[in-house]
Structure formats: C-alpha cells, structure tokens
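Visitor: This is protein-v1.txt, which holds compact mmCIF, C-alpha atoms and all ligand atoms:
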# COMPACT_ATOMS: atom_id res chain seq x y z
CA MET W 1 12.73 -16.42 -31.74
CA ASN W 2 10.95 -19.60 -30.83
CA THR W 3 7.19 -19.96 -31.00
CA ALA W 4 6.59 -19.64 -27.27
CA LYS W 5 8.55 -16.43 -27.06
CA PHE W 6 6.83 -15.05 -30.13
CA THR W 7 3.45 -15.86 -28.63
CA LEU W 8 4.34 -14.10 -25.40
CA LEU W 9 5.60 -11.05 -27.23
CA PHE W 10 2.39 -10.92 -29.25
CA VAL W 11 0.23 -11.22 -26.13
CA LEU W 12 2.29 -8.52 -24.44
CA ALA W 13 1.89 -6.20 -27.37
CA THR W 14 -1.84 -6.69 -27.64
CA SER W 15 -2.75 -6.76 -23.94
CA LEU W 16 -0.61 -3.86 -22.84
CA GLY W 17 -1.23 -1.72 -25.87
CA PHE W 18 2.38 -1.31 -26.94
CA ALA W 19 4.69 -3.10 -29.30
CA ALA W 20 8.14 -2.58 -27.87
CA THR W 21 10.76 -5.29 -28.17
CA LEU W 22 11.09 -6.83 -24.73
CA ASP W 23 13.13 -9.55 -23.12
CA THR W 24 10.43 -12.21 -23.14
CA ASN W 25 12.13 -14.83 -21.00
CA CYS W 26 10.00 -16.08 -18.13
CA TYR W 27 12.32 -15.68 -15.18
CA TRP W 28 9.51 -16.14 -12.71
CA LYS W 29 6.63 -18.21 -11.54
CA ALA W 30 3.64 -16.26 -10.31
CA GLY W 31 0.27 -17.00 -8.74
CA VAL W 32 -2.48 -14.66 -7.63
CA ALA W 33 -5.57 -15.10 -5.47
CA SER W 34 -8.31 -12.83 -4.25
CA THR W 35 -11.06 -13.11 -1.66
CA VAL W 36 -13.87 -10.90 -0.40
CA ILE W 37 -13.36 -9.80 3.20
CA THR W 38 -16.41 -7.56 3.58
CA PRO W 39 -17.85 -8.29 7.02
CA GLN W 40 -20.95 -10.41 6.86
CA THR W 41 -22.60 -8.39 9.61
CA ASN W 42 -22.64 -4.69 10.31
CA MET W 43 -19.68 -3.61 12.44
CA TRP W 44 -18.13 -0.45 13.80
CA MET W 45 -16.00 1.14 11.10
CA SER W 46 -12.41 2.26 11.40
CA GLY W 47 -10.72 5.58 10.74
CA TYR W 48 -13.14 8.27 11.88
CA ALA W 49 -13.94 8.57 15.56
CA ALA W 50 -16.93 10.80 14.76
CA ARG W 51 -19.11 7.89 13.69
CA LYS W 52 -21.97 7.28 16.05
CA SER W 53 -23.10 3.78 15.08
CA PRO W 54 -21.94 0.63 13.29
CA SER W 55 -22.02 0.24 9.51
CA HIS W 56 -25.19 0.25 7.45
CA GLY W 57 -24.43 -2.08 4.59
CA THR W 58 -21.93 -2.16 1.76
CA ALA W 59 -21.27 0.26 -1.10
CA GLN W 60 -18.40 -1.84 -2.48
CA ASN W 61 -16.88 -5.15 -1.41
CA LEU W 62 -13.55 -5.17 0.42
CA PHE W 63 -10.85 -7.56 -0.77
CA ALA W 64 -7.71 -9.30 0.38
CA LYS W 65 -5.41 -10.24 -2.49
CA ALA W 66 -2.19 -12.22 -2.59
CA LEU W 67 0.53 -12.24 -5.25
CA ALA W 68 3.04 -15.09 -4.94
CA LEU W 69 6.31 -14.89 -6.88
CA GLU W 70 9.06 -17.48 -7.22
CA ASP W 71 12.42 -16.69 -8.80
CA GLU W 72 14.58 -19.08 -10.83
CA LYS W 73 16.29 -20.37 -7.67
CA GLY W 74 12.97 -21.19 -6.00
CA THR W 75 12.93 -18.25 -3.56
CA ARG W 76 9.38 -17.13 -2.90
CA LEU W 77 7.90 -13.73 -2.09
CA VAL W 78 4.27 -13.14 -1.12
CA ILE W 79 2.67 -9.69 -1.29
CA VAL W 80 -0.72 -9.33 0.39
CA THR W 81 -2.85 -6.23 -0.12
CA LEU W 82 -5.86 -5.47 2.03
CA ASP W 83 -8.78 -3.05 1.75
CA LEU W 84 -8.48 -2.30 5.47
CA ILE W 85 -7.42 0.56 7.73
CA GLY W 86 -4.10 -1.09 8.54
CA VAL W 87 -2.21 -4.27 9.36
CA VAL W 88 -2.35 -4.53 13.13
CA PRO W 89 0.72 -6.19 14.72
CA THR W 90 -1.26 -9.14 16.10
CA LEU W 91 -2.58 -9.96 12.62
CA ARG W 92 0.88 -9.72 11.06
CA GLN W 93 2.36 -11.95 13.76
CA SER W 94 -0.31 -14.61 13.37
CA VAL W 95 -0.19 -14.69 9.57
CA GLU W 96 3.62 -14.59 9.51
CA LYS W 97 3.82 -17.59 11.86
CA GLN W 98 1.29 -19.65 9.93
CA VAL W 99 2.84 -18.84 6.54
CA MET W 100 6.27 -19.85 7.80
CA GLU W 101 4.98 -23.12 9.26
CA ARG W 102 2.76 -24.12 6.36
CA TYR W 103 4.57 -22.76 3.31
CA LYS W 104 8.14 -22.07 4.52
CA VAL W 105 7.93 -18.43 3.47
CA PRO W 106 10.09 -16.49 5.99
CA PRO W 107 9.13 -13.03 7.32
CA GLN W 108 11.47 -11.13 5.01
CA PHE W 109 9.53 -12.48 2.04
CA LEU W 110 6.07 -11.67 3.36
CA VAL W 111 4.73 -8.17 2.63
CA MET W 112 1.36 -7.14 4.07
CA ASN W 113 0.05 -3.73 3.01
CA ALA W 114 -3.24 -2.02 3.83
CA SER W 115 -4.97 0.56 1.64
CA HIS W 116 -5.97 2.59 4.73
CA THR W 117 -9.59 2.90 3.65
CA HIS W 118 -11.57 4.66 6.37
CA CYS W 119 -14.66 2.75 5.28
CA GLY W 120 -13.62 -0.70 6.46
CA PRO W 121 -14.22 -2.58 9.71
CA GLU W 122 -12.61 -1.70 13.04
CA TYR W 123 -10.95 -4.96 14.02
CA ARG W 124 -8.85 -3.69 16.92
CA GLY W 125 -9.97 -3.43 20.52
CA SER W 126 -13.16 -4.54 22.12
CA LYS W 127 -15.84 -3.15 19.82
CA PRO W 128 -18.51 -5.80 19.18
CA GLU W 129 -17.50 -8.15 16.36
CA ALA W 130 -13.87 -6.88 16.26
CA PRO W 131 -12.22 -9.98 17.84
CA LYS W 132 -14.35 -12.23 15.65
CA TYR W 133 -13.33 -10.36 12.49
CA HIS W 134 -9.66 -10.43 13.55
CA ALA W 135 -9.97 -14.21 13.95
CA PHE W 136 -11.61 -14.42 10.51
CA LEU W 137 -8.62 -12.64 8.93
CA GLU W 138 -6.16 -14.86 10.83
CA GLU W 139 -7.83 -17.90 9.32
CA ARG W 140 -8.57 -16.49 5.86
CA LEU W 141 -5.28 -14.83 4.92
CA PRO W 142 -2.99 -17.88 5.24
CA HIS W 143 -5.51 -19.80 3.18
CA LEU W 144 -5.46 -17.06 0.53
CA ILE W 145 -1.66 -17.11 0.45
CA GLY W 146 -1.72 -20.89 0.05
CA GLU W 147 -4.08 -20.51 -2.88
CA ALA W 148 -1.75 -18.01 -4.60
CA LEU W 149 1.26 -20.30 -4.03
CA SER W 150 -0.66 -23.28 -5.41
CA LYS W 151 -1.20 -21.38 -8.66
CA LEU W 152 2.48 -20.63 -9.34
CA ALA W 153 3.05 -20.82 -13.10
CA PRO W 154 5.64 -19.36 -15.53
CA ALA W 155 5.38 -15.61 -15.80
CA GLN W 156 7.21 -12.45 -16.68
CA LEU W 157 7.44 -9.37 -14.47
CA LEU W 158 7.42 -5.91 -15.96
CA TYR W 159 7.72 -2.48 -14.39
CA ALA W 160 6.45 0.88 -15.55
CA HIS W 161 5.34 4.11 -13.93
CA ALA W 162 3.26 7.19 -14.54
CA ARG W 163 1.92 10.12 -12.56
CA CYS W 164 -1.42 10.91 -11.00
CA GLY W 165 -2.31 14.35 -9.76
CA PHE W 166 -5.12 14.28 -7.20
CA SER W 167 -2.91 13.91 -4.11
CA MET W 168 -1.89 17.11 -2.36
CA ASN W 169 0.08 17.86 0.76
CA ARG W 170 -2.34 18.65 3.61
CA ARG W 171 -0.04 20.49 6.03
CA ARG W 172 -0.33 24.09 4.84
CA ASN W 173 -1.18 25.60 8.21
CA TYR W 174 1.46 23.65 10.11
CA SER W 175 4.08 24.58 7.56
CA LEU W 176 3.14 28.26 7.62
CA SER W 177 2.62 28.55 11.39
CA PRO W 178 4.59 25.86 13.20
CA THR W 179 3.83 27.38 16.61
CA ASP W 180 0.07 27.90 16.17
CA PRO W 181 -1.66 25.38 18.47
CA ASN W 182 -4.96 25.92 16.66
CA ALA W 183 -3.59 25.17 13.19
CA LYS W 184 -5.66 22.64 11.26
CA LYS W 185 -4.96 20.51 8.21
CA ALA W 186 -5.42 22.37 4.93
CA PRO W 187 -4.48 21.72 1.28
CA ASN W 188 -0.94 22.84 0.56
CA PRO W 189 -0.25 23.03 -3.17
CA ASP W 190 3.34 24.05 -2.42
CA GLY W 191 4.10 21.20 -0.03
CA PRO W 192 6.03 18.03 -0.87
CA VAL W 193 4.18 15.26 -2.74
CA ASP W 194 5.04 11.98 -4.39
CA GLN W 195 2.64 11.61 -7.30
CA ASN W 196 4.48 8.71 -8.88
CA VAL W 197 2.41 5.61 -9.70
CA PRO W 198 4.69 2.55 -9.72
CA VAL W 199 3.23 -0.46 -11.53
CA LEU W 200 4.37 -4.10 -11.47
CA MET W 201 2.76 -6.21 -14.17
CA VAL W 202 2.55 -10.00 -14.07
CA GLN W 203 2.21 -11.56 -17.48
CA SER W 204 1.78 -15.27 -18.04
CA PRO W 205 2.46 -16.84 -21.43
CA GLY W 206 -0.66 -17.36 -23.50
CA THR W 207 -2.86 -15.21 -21.27
CA ASN W 208 -3.77 -11.62 -20.87
CA LEU W 209 -2.18 -9.65 -18.07
CA CYS W 210 -3.02 -11.64 -14.91
CA ALA W 211 -2.01 -9.27 -12.12
CA VAL W 212 -1.10 -5.63 -11.68
CA LEU W 213 0.32 -4.25 -8.45
CA PHE W 214 0.25 -0.46 -8.30
CA GLY W 215 1.04 2.16 -5.68
CA TYR W 216 0.17 5.72 -4.75
CA ALA W 217 1.12 7.92 -1.79
CA CYS W 218 -2.12 9.51 -0.66
CA HIS W 219 -4.50 9.03 2.24
CA ASN W 220 -7.36 6.80 1.14
CA THR W 221 -9.87 9.25 2.55
CA THR W 222 -11.92 10.83 -0.19
CA LEU W 223 -14.97 10.03 1.89
CA SER W 224 -15.30 11.78 5.19
CA SER W 225 -17.25 10.59 8.17
CA VAL W 226 -19.86 13.15 7.20
CA SER W 227 -21.43 13.93 3.86
CA MET W 228 -21.82 17.24 2.07
CA THR W 229 -24.72 18.19 4.33
CA GLY W 230 -22.48 17.83 7.35
CA LYS W 231 -25.09 15.65 9.01
CA VAL W 232 -25.31 12.29 7.27
CA HIS W 233 -22.53 9.93 8.29
CA ARG W 234 -20.83 7.55 5.89
CA TYR W 235 -21.65 4.06 7.07
CA GLU W 236 -21.26 1.81 4.02
CA PHE W 237 -18.23 -0.44 3.62
CA ASN W 238 -16.10 0.43 0.58
CA GLY W 239 -12.47 0.71 -0.47
CA ASP W 240 -12.53 4.49 -1.19
CA TYR W 241 -10.46 5.63 -4.19
CA ALA W 242 -8.08 2.66 -3.97
CA GLY W 243 -11.02 0.26 -4.09
CA PHE W 244 -12.53 2.00 -7.08
CA ALA W 245 -9.15 2.10 -8.89
CA GLN W 246 -8.83 -1.68 -8.52
CA GLU W 247 -12.44 -2.16 -9.59
CA THR W 248 -11.97 0.02 -12.68
CA LEU W 249 -8.85 -1.84 -13.82
CA GLN W 250 -10.46 -5.24 -13.31
CA ALA W 251 -13.67 -4.22 -15.09
CA GLY W 252 -11.67 -3.22 -18.16
CA ARG W 253 -9.48 -6.32 -18.21
CA PRO W 254 -11.27 -9.64 -17.58
CA GLY W 255 -9.05 -12.11 -15.73
CA LEU W 256 -6.92 -9.39 -14.17
CA THR W 257 -6.37 -9.08 -10.43
CA ALA W 258 -5.51 -5.47 -9.60
CA MET W 259 -3.77 -4.87 -6.27
CA PHE W 260 -3.22 -1.51 -4.58
CA MET W 261 -0.19 -0.84 -2.38
CA MET W 262 -0.35 2.30 -0.24
CA GLY W 263 2.73 4.52 -0.32
CA CYS W 264 3.99 7.14 2.12
CA GLY W 265 0.77 9.14 2.04
CA ALA W 266 0.34 10.10 5.71
CA ASP W 267 0.50 13.85 5.05
CA GLN W 268 -1.25 13.69 1.67
CA ASN W 269 -4.97 13.87 0.97
CA PRO W 270 -7.01 13.28 -2.17
CA TYR W 271 -8.44 16.60 -3.35
CA PRO W 272 -11.19 17.53 -3.86
CA ARG W 273 -12.80 15.45 -1.18
CA HIS W 274 -15.60 15.29 1.33
CA TYR W 275 -18.05 18.13 0.74
CA MET W 276 -15.73 20.53 -1.13
CA ILE W 277 -17.92 20.77 -4.22
CA PRO W 278 -21.61 21.18 -3.37
CA TYR W 279 -22.94 19.36 -6.42
CA VAL W 280 -20.71 16.26 -6.06
CA LYS W 281 -21.52 13.51 -3.58
CA PRO W 282 -18.50 12.16 -1.64
CA LEU W 283 -18.86 8.65 -3.07
CA GLU W 284 -18.68 10.16 -6.58
CA PHE W 285 -15.36 11.79 -5.65
CA ALA W 286 -14.03 8.39 -4.57
CA GLN W 287 -15.18 6.77 -7.80
CA HIS W 288 -13.73 9.65 -9.83
CA HIS W 289 -10.33 9.55 -8.12
CA GLY W 290 -10.34 5.76 -8.46
CA LYS W 291 -10.85 6.03 -12.20
CA THR W 292 -8.17 8.71 -12.46
CA LEU W 293 -5.67 6.47 -10.68
CA ALA W 294 -6.69 3.45 -12.78
CA TYR W 295 -6.14 5.48 -15.95
CA SER W 296 -2.69 6.48 -14.67
CA VAL W 297 -1.90 2.78 -14.29
CA GLU W 298 -3.07 2.28 -17.88
CA ALA W 299 -0.87 5.19 -18.97
CA ALA W 300 2.10 3.61 -17.20
CA MET W 301 1.52 0.31 -18.98
CA ALA W 302 1.54 2.13 -22.32
CA SER W 303 4.78 3.93 -21.53
CA HIS W 304 8.33 2.77 -20.89
CA VAL W 305 7.87 -0.85 -19.81
CA ARG W 306 10.96 -2.70 -18.66
CA PRO W 307 11.58 -6.27 -17.50
CA VAL W 308 12.12 -7.11 -13.84
CA ARG W 309 14.43 -10.02 -13.17
CA GLY W 310 15.55 -11.93 -10.09
CA PRO W 311 16.94 -13.17 -7.88
CA LEU W 312 14.85 -12.24 -4.87
CA ARG W 313 16.72 -11.12 -1.79
CA GLY W 314 14.98 -9.89 1.32
CA ALA W 315 15.62 -8.46 4.77
CA PHE W 316 13.17 -7.63 7.56
CA GLU W 317 13.93 -6.21 10.98
CA TYR W 318 12.26 -4.34 13.79
CA ILE W 319 13.83 -1.20 15.21
CA THR W 320 12.92 0.70 18.35
CA LEU W 321 11.49 4.19 17.94
CA GLU W 322 11.73 6.19 21.17
CA ARG W 323 9.21 8.76 22.39
CA GLU W 324 10.09 11.89 24.36
CA GLN W 325 9.65 11.39 28.08
CA LYS W 326 7.95 14.52 29.36
CA ASP W 327 7.41 13.29 32.92
CA PRO W 328 10.59 11.83 34.50
CA LYS W 329 8.39 9.57 36.62
CA LYS W 330 6.60 8.09 33.64
CA PRO W 331 8.92 6.27 31.26
CA VAL W 332 7.51 5.95 27.75
CA PRO W 333 8.10 2.54 26.16
CA GLY W 334 9.77 2.46 22.76
CA ARG W 335 7.83 1.30 19.75
CA GLN W 336 8.82 -1.75 17.73
CA TYR W 337 8.77 -0.69 14.10
CA PRO W 338 9.18 -2.97 11.04
CA VAL W 339 11.51 -2.16 8.14
CA GLN W 340 11.69 -4.41 5.09
CA VAL W 341 13.76 -4.33 1.91
CA VAL W 342 13.27 -6.71 -1.03
CA HIS W 343 15.55 -6.77 -4.06
CA PHE W 344 14.34 -8.02 -7.42
CA GLY W 345 17.79 -8.64 -8.87
CA ASP W 346 19.31 -5.33 -9.91
CA ASP W 347 16.04 -4.06 -11.37
CA LEU W 348 13.76 -3.16 -8.47
CA ILE W 349 14.15 -2.34 -4.77
CA LEU W 350 10.94 -2.55 -2.74
CA VAL W 351 11.09 -0.82 0.64
CA THR W 352 8.19 -1.28 3.05
CA LEU W 353 7.73 0.74 6.22
CA GLY W 354 5.18 0.29 8.98
CA ALA W 355 2.29 2.56 9.92
CA GLU W 356 1.44 6.03 8.59
CA VAL W 357 4.62 7.34 6.99
CA VAL W 358 4.92 10.92 5.72
CA VAL W 359 6.04 11.54 2.17
CA ASP W 360 9.54 12.78 3.07
CA TYR W 361 10.61 9.16 3.58
CA SER W 362 9.59 8.14 0.10
CA LEU W 363 11.30 11.11 -1.53
CA ARG W 364 14.49 10.71 0.50
CA LEU W 365 14.80 6.94 0.08
CA LYS W 366 14.29 7.18 -3.66
CA ARG W 367 17.06 9.78 -3.78
CA GLU W 368 19.46 7.82 -1.60
CA LEU W 369 18.81 4.33 -2.97
CA GLY W 370 18.27 5.33 -6.56
CA GLY W 371 20.68 4.09 -9.17
CA LYS W 372 20.21 1.45 -11.76
CA ALA W 373 17.36 -0.14 -9.85
CA VAL W 374 13.92 1.40 -9.59
CA VAL W 375 13.01 2.21 -5.96
CA TRP W 376 9.44 1.65 -4.73
CA VAL W 377 8.61 2.77 -1.17
CA ALA W 378 5.42 1.59 0.52
CA GLY W 379 4.08 2.72 3.88
CA TYR W 380 1.21 1.17 5.87
CA SER W 381 2.97 -2.20 5.74
CA ASN W 382 3.25 -4.99 8.28
CA GLU W 383 2.22 -2.77 11.22
CA TYR W 384 -0.31 -0.09 12.03
CA GLY W 385 -0.57 2.44 14.80
CA GLY W 386 -0.11 6.19 14.43
CA TYR W 387 1.93 8.61 12.38
CA ILE W 388 5.63 8.38 11.56
CA PRO W 389 6.95 11.93 11.12
CA SER W 390 10.13 12.96 9.38
CA LEU W 391 12.44 15.35 11.21
CA ARG W 392 10.95 18.24 9.20
CA VAL W 393 7.38 17.32 10.16
CA LEU W 394 8.42 16.70 13.76
CA LYS W 395 9.87 20.23 13.96
CA GLU W 396 6.76 21.76 12.42
CA GLY W 397 4.49 19.84 14.79
CA GLY W 398 0.79 19.33 14.14
CA TYR W 399 -1.38 16.37 13.33
CA GLU W 400 1.18 13.97 11.88
CA ALA W 401 3.85 14.74 14.48
CA PRO W 402 3.56 12.68 17.67
CA ASP W 403 6.39 13.28 20.12
CA TYR W 404 9.07 10.91 18.88
CA LYS W 405 12.69 11.71 19.57
CA PRO W 406 14.37 13.74 16.80
CA ASP W 407 16.45 10.77 15.67
CA ILE W 408 13.37 8.97 14.29
CA GLU W 409 14.13 9.71 10.64
CA GLU W 410 17.79 8.73 10.91
CA ARG W 411 16.88 5.50 12.69
CA ILE W 412 14.45 4.45 9.99
CA VAL W 413 16.46 5.60 6.98
CA GLY W 414 19.64 4.21 8.54
CA LYS W 415 18.04 0.78 8.92
CA VAL W 416 16.77 0.82 5.33
CA LEU W 417 20.23 1.71 4.04
CA GLU W 418 21.82 -0.97 6.23
CA LEU W 419 19.45 -3.67 5.00
CA ASN W 420 19.94 -2.52 1.44
CA ARG W 421 23.73 -2.74 1.78
CA ARG W 422 23.38 -6.22 3.23
CA LEU W 423 21.36 -7.36 0.22
CA THR W 424 23.70 -5.69 -2.26
CA LYS W 425 26.80 -7.60 -1.12
ZN ZN F 1 -4.42 7.98 8.35
Written as structure tokens, how would this file's structure read?
Ligand SMILES: [Zn+2]
Guide:
Amino acid sequence: MNTAKFTLLFVLATSLGFAATLDTNCYWKAGVASTVITPQTNMWMSGYAARKSPSHGTAQNLFAKALALEDEKGTRLVIVTLDLIGVVPTLRQSVEKQVMERYKVPPQFLVMNASHTHCGPEYRGSKPEAPKYHAFLEERLPHLIGEALSKLAPAQLLYAHARCGFSMNRRRNYSLSPTDPNAKKAPNPDGPVDQNVPVLMVQSPGTNLCAVLFGYACHNTTLSSVSMTGKVHRYEFNGDYAGFAQETLQAGRPGLTAMFMMGCGADQNPYPRHYMIPYVKPLEFAQHHGKTLAYSVEAAMASHVRPVRGPLRGAFEYITLEREQKDPKKPVPGRQYPVQVVHFGDDLILVTLGAEVVVDYSLRLKRELGGKAVVWVAGYSNEYGGYIPSLRVLKEGGYEAPDYKPDIEERIVGKVLELNRRLTK
C-alpha cells in the first residue's frame, strides 16, 4: 500500500468510525457547493392553503446544494438538492438549458430534487414576490452548479444504508373504506412504507468526509399550518425534518455538506406530528425527527460501507401521463412527466421520478431492478405538480389519487425499465 492510499484508509477509518478494509482507489473527482436561498423578504409560503398571510421571519435557513461528480472518463453528473416545496418545470427547464450551455452537462446528468418542505416560499403563480424569487433561483442555481464543478478534486464514493422509523403510511381510511367519500388521511401502521435510508458518502484524500447525500421516503411535513392550539399558524421559513437532519449532520462534522434527497414519500407522513402530543411544540417534533434521521445516517456510515465505482451512464426522458376524460366535450391534456436513470458502474442505480410519488413505486422498482447494484429511488425530482398514484392507490381513491388512467404505473415503471435496459447494454 502506498502512502497516499494508507492516508486515505486512515482518514476513512477515523472519520467514518469504522476500520474495514476498503478499496481506496479514487475513481472519481467530486466538488460540492452550498448557498442560502432563504427569501430576503417575507413571502407567501408553499404547501398549506390554510395560511392567511405571508411569512413572518425565519426559523432556519433554506439551502440549495450541488454535488458535482466526474468519473474516470470525464463524464459529469450534478445533483442539486433544494429546501423547497418542489422543482417547478419552468425552473428545471431554465437551469437545464443554462447548465448545458455553460458547463456542457446534458439533461440526463442533471438531477434536481426538492425536500418538499411546507415551510418554504411559494414561487409559482402570481403571489407577490413569487416571480422575483423564481428569477433569483434561475440565476443562483447555475452559479451554484458552476461553483461545485470548479471544485472537482480526487475523491472516493461510498454507499451504505440504515433504517429510520418515524415515517408511517397515512392512508388508513382510504385503504379500509375505498368507497367512503368522507374518508380522511390517518396513520396506517399496517400500510406499505419504505424506511430505508440510502447514504452516498464523498471522501476526499487527506480530508474528513466532505459530502453526504442521504434519502428518506416521507412527507417533509412535521409542521402543520396550525400549531398545537389550532389557532397559531406556522409562518417561519425552515426546512422541516429534512432541514434539521442536514443541520445536525453538519454541526457534528465540520467541513461536511449534508444533502437530503426526498424519496417516494407522497403517502407517508412523519409521526408524531403537528399537535399530536400536547406538551410538544411542532417545531420540536421537526427538530427531533431531523436528529433521528441524522443519527440513522450516522448508523449507516458505521455499518456495511461499500465502494461505488463508475462509469456514469444516464438517461432522461419525458413520458405522457393521461387523465380520465369525464366530459366527452372537454378533452384533458396529458401530463409530461420526467423519468431519469443514472448508473454508477455496476454498483448503484439512481432512479428519479417527478412530482409526489407514492411509496409503491420505490418498493416495486427496488424489487424489479435489484441485483448486484444497489437501487435508490427518489421522487420529487425535476418536476412538481400533484400526486402520482400507483394502480393500488388509484383503485382505493382518496387524497393521493387524482384521476389518471389505470395504466399510469405501467407507463412509469415501463419507462424506468426501458431506460435501465438501455444503460445496461
Ligand atoms: Zn405533498
């Protein structure tokens, strides 16, 4: 073992808290950048229609973060995570175009994921300040990506995973009474969940861990629009549990950039939440869940850590999702929906799906794509606008089941499998 490799192994062992023998070759270059995107003025907030006024200050800063990776052949991938409600199509299109023009990173190698915090700004539509904030993101995000790319330096990628237990299926009443029009969301301890916490670590030689990308499939909605009294609205910007998980990891590891990638959590909620326990304030729930998730990431990093190698291969396409046409005189336009698959050699398959995806997609794709490679499925990526039900959820009806045609699941899964086959050849 040469000195450089020995040094890296030593740093790995001390910074991650384990001493396994790892392949210490640096197959990658990596760069990471982070910027505060908390609005500088009070704005209407996104996620809860019940709010009656714009924000009143900030409980925690919101961030945009970019991880740039380059494999041994020079292929580059950029992953952007955002403490925002979603990635609206106009933002994706603008950033994608600029990143292609300036940095020659094509769409299949640009991932944009939102944490779905309901305590961030509303930047769609005509609310005051929304167009201005959209323009701010259009300008700021390409700059952030450029900064991450400018920092590319030798690095190693490692994968590990653990579990975290505060997510729970929230469709009890729909599952029990599919035909009840008055059914409301309720915790369902027997419903499907995906409590896996995938973790991608970026380790540079001679440094501590420099970036950690981690995922979880659970609505980022510990905080409701109302507090435990039922009267006081939540008006402070913050990243909810995902924001506090990132903050906890970074506080414990100076120099680390922690990035959260939302999974297929559309029908999952963090429990307990809102006002469920009279003596706990909602913000304390968010901080508590954030710490719990951060500690799961730490547990992952102390468990079975394996190297992730290249080369990068990527595919990105839009498919059309069709809605049921109830009135023959009123045709319903199809929805353009993004599907992305990125291969990290034979070690990791990253699948990203647009909008609010229910957990069935994550569970099914991991089953159907699983083999030698680890499969990581993210929702809330590259597009935002409504729920994406599985066939099961569509049949049950309820909150997460807008009237798509029954082939929606097969269209999405079929496209993922097709792209995956294309990359495997
Ligand atoms: Zn949602």
Visitor: Mind listing the residues within 7 Å of ligand ZN 1 (chain F), only C-alpha atoms and all ligand atoms counted, as a list in words?
Guide: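 The residues near ligand ZN 1 (chain F) are His116, His219, Ala266 and Glu356 of chain W.
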Visitor: So which residues touch Ala148 (chain W) within 9 Å, counting all atoms listed in the file, skipping near sequence neighbours fewer than 6 positions away, as a PDB file with C-alpha atoms, keeping the file's coordinate frame?
Guide:
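For reference, result23.pdb as written:
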ATOM      1  CA  ALA W  30       3.640 -16.260 -10.310  1.00  0.00           C
ATOM      2  CA  GLY W  31       0.270 -17.000  -8.740  1.00  0.00           C
ATOM      3  CA  VAL W  32      -2.480 -14.660  -7.630  1.00  0.00           C
ATOM      4  CA  ALA W  33      -5.570 -15.100  -5.470  1.00  0.00           C
ATOM      5  CA  SER W  34      -8.310 -12.830  -4.250  1.00  0.00           C
ATOM      6  CA  LYS W  65      -5.410 -10.240  -2.490  1.00  0.00           C
ATOM      7  CA  ALA W  66      -2.190 -12.220  -2.590  1.00  0.00           C
ATOM      8  CA  LEU W  67       0.530 -12.240  -5.250  1.00  0.00           C
ATOM      9  CA  ALA W  68       3.040 -15.090  -4.940  1.00  0.00           C
ATOM     10  CA  LEU W  69       6.310 -14.890  -6.880  1.00  0.00           C
ATOM     11  CA  VAL W  78       4.270 -13.140  -1.120  1.00  0.00           C
TER      12      VAL W  78
END
Visitor: Can you pull out the residues contacting Val342 (chain W)? Cut-off 12 Å, using only C-alpha atoms, and skip same-chain residues under 2 positions away; I want them as a ChimeraX atom specification.
Guide: /W:75-79,107-111,310-316,339-340,344-353,373-378,416,419-424
Visitor: Which residue gives the smallest distance to Leu137 (chain W) among W:Cys164, W:Arg102, W:Cys210, W:Phe63, with all atoms listed in the file counted?
Guide: W:Phe63
Visitor: Around the point (-2.9, -14.9, 2.2), in the coordinates given by the file, pick out the residues reaching within 8 Å, counting only C-alpha atoms, and return them as a list in words.
Guide: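 With a cut-off of 8 Å, the residues come to Ala64, Lys65, Ala66, Val80, Val95, Arg140, Leu141, Pro142, His143, Leu144, Ile145, Gly146, Glu147 and Ala148 of chain W.
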Visitor: Which of these residues is nearest to Asn173 (chain W), using all atoms listed in the file: W:Leu363, W:Ala186, W:Ala251, W:Ala160?
Guide: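 Using all atoms listed in the file, the shortest distance to Asn173 (chain W) belongs to W:Ala186.
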Visitor: Skip Ala245 (chain W) itself and residues of its chain fewer than 6 positions away, then list as an MDAnalysis selection string all residues within 8 Å of it, counting only C-alpha atoms.
Guide: chainID W and resid 287 289:294
Visitor: For the atom pair CA of Val193 (chain W) and CA of Tyr387 (chain W), what is the interatomic distance in Å to one decimal place?
Guide: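 About the pair CA of Val193 (chain W) and CA of Tyr387 (chain W): they are 16.7 Å apart.
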Visitor: Quick one: pull the distance between CA of Phe244 (chain W) and CA of Ser224 (chain W), Å, one decimal.
Guide: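 Going from CA of Phe244 (chain W) over to CA of Ser224 (chain W), I get 15.9 Å.
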Visitor: Got a sec to check which residues sit within 6 Å of (2.0, 17.3, 1.7), counting only C-alpha atoms, and write them as a VMD selection string?
Guide: chain W and resid 168 to 171 191 to 193 267 to 268
Visitor: So how many Å separate CA of Leu256 (chain W) and CA of Pro106 (chain W), to one decimal?
Guide: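 Calculated distance between CA of Leu256 (chain W) and CA of Pro106 (chain W) is 27.3 Å.
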Visitor: Measuring between all atoms listed in the file, which one of W:Tyr404, W:Tyr399, W:Tyr279, W:Phe237 shows the shortest distance to Glu322 (chain W)?
Guide: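 Of the candidates, the smallest distance to Glu322 (chain W) is held by W:Tyr404.
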Visitor: Just checking: using only C-alpha atoms, which residue out of W:Gln156, W:Pro205, W:Asn188, W:Asn382 ends up closest to Glu96 (chain W)?
Guide: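 Smallest distance to Glu96 (chain W) is found for W:Asn382.
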Visitor: When you count only C-alpha atoms, which of these residues is closest to Gly263 (chain W): W:Glu317, W:Leu158, W:Glu138, W:Asn113?
Guide: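 Going through W:Glu317, W:Leu158, W:Glu138, W:Asn113 one by one, the smallest distance to Gly263 (chain W) is for W:Asn113.
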Visitor: With distances taken over only C-alpha atoms, which residue among W:Pro121, W:Pro338, W:Pro254, W:Gly86 lies nearest Gly57 (chain W)?
Guide: W:Pro121
Visitor: Can you tell me which residues surround Thr38 (chain W) at a distance of at most 12 Å, considering only C-alpha atoms, apart from same-chain residues fewer than 6 positions away, and format the answer as a list in words?
Guide: Met45, Ser55, Gly57, Thr58, Ala59, Gln60, Asn61, Leu62, Phe63, Ala64, Leu82, Asp83, Leu84, Cys119, Gly120, Pro121, Glu122, Tyr133, Phe136, Leu137, Glu236, Phe237, Asn238 and Gly239 of chain W
Visitor: Show me, as a list of chain:residue names, the residues that have an atom within 10 Å of Ser53 (chain W) when counting all atoms listed in the file, minus same-chain residues fewer than 5 positions from it.
Guide: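 The filter keeps W:Asn42, W:Met43, W:Trp44, W:Met45, W:His233, W:Tyr235.
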Visitor: Let me see the file: selected residues, C-alpha atoms, as a PDB file, in the frame of the given file.
Guide:
ATOM      1  CA  ASN W  42     -22.640  -4.690  10.310  1.00  0.00           C
ATOM      2  CA  MET W  43     -19.680  -3.610  12.440  1.00  0.00           C
ATOM      3  CA  TRP W  44     -18.130  -0.450  13.800  1.00  0.00           C
ATOM      4  CA  MET W  45     -16.000   1.140  11.100  1.00  0.00           C
ATOM      5  CA  HIS W 233     -22.530   9.930   8.290  1.00  0.00           C
ATOM      6  CA  TYR W 235     -21.650   4.060   7.070  1.00  0.00           C
TER       7      TYR W 235
END
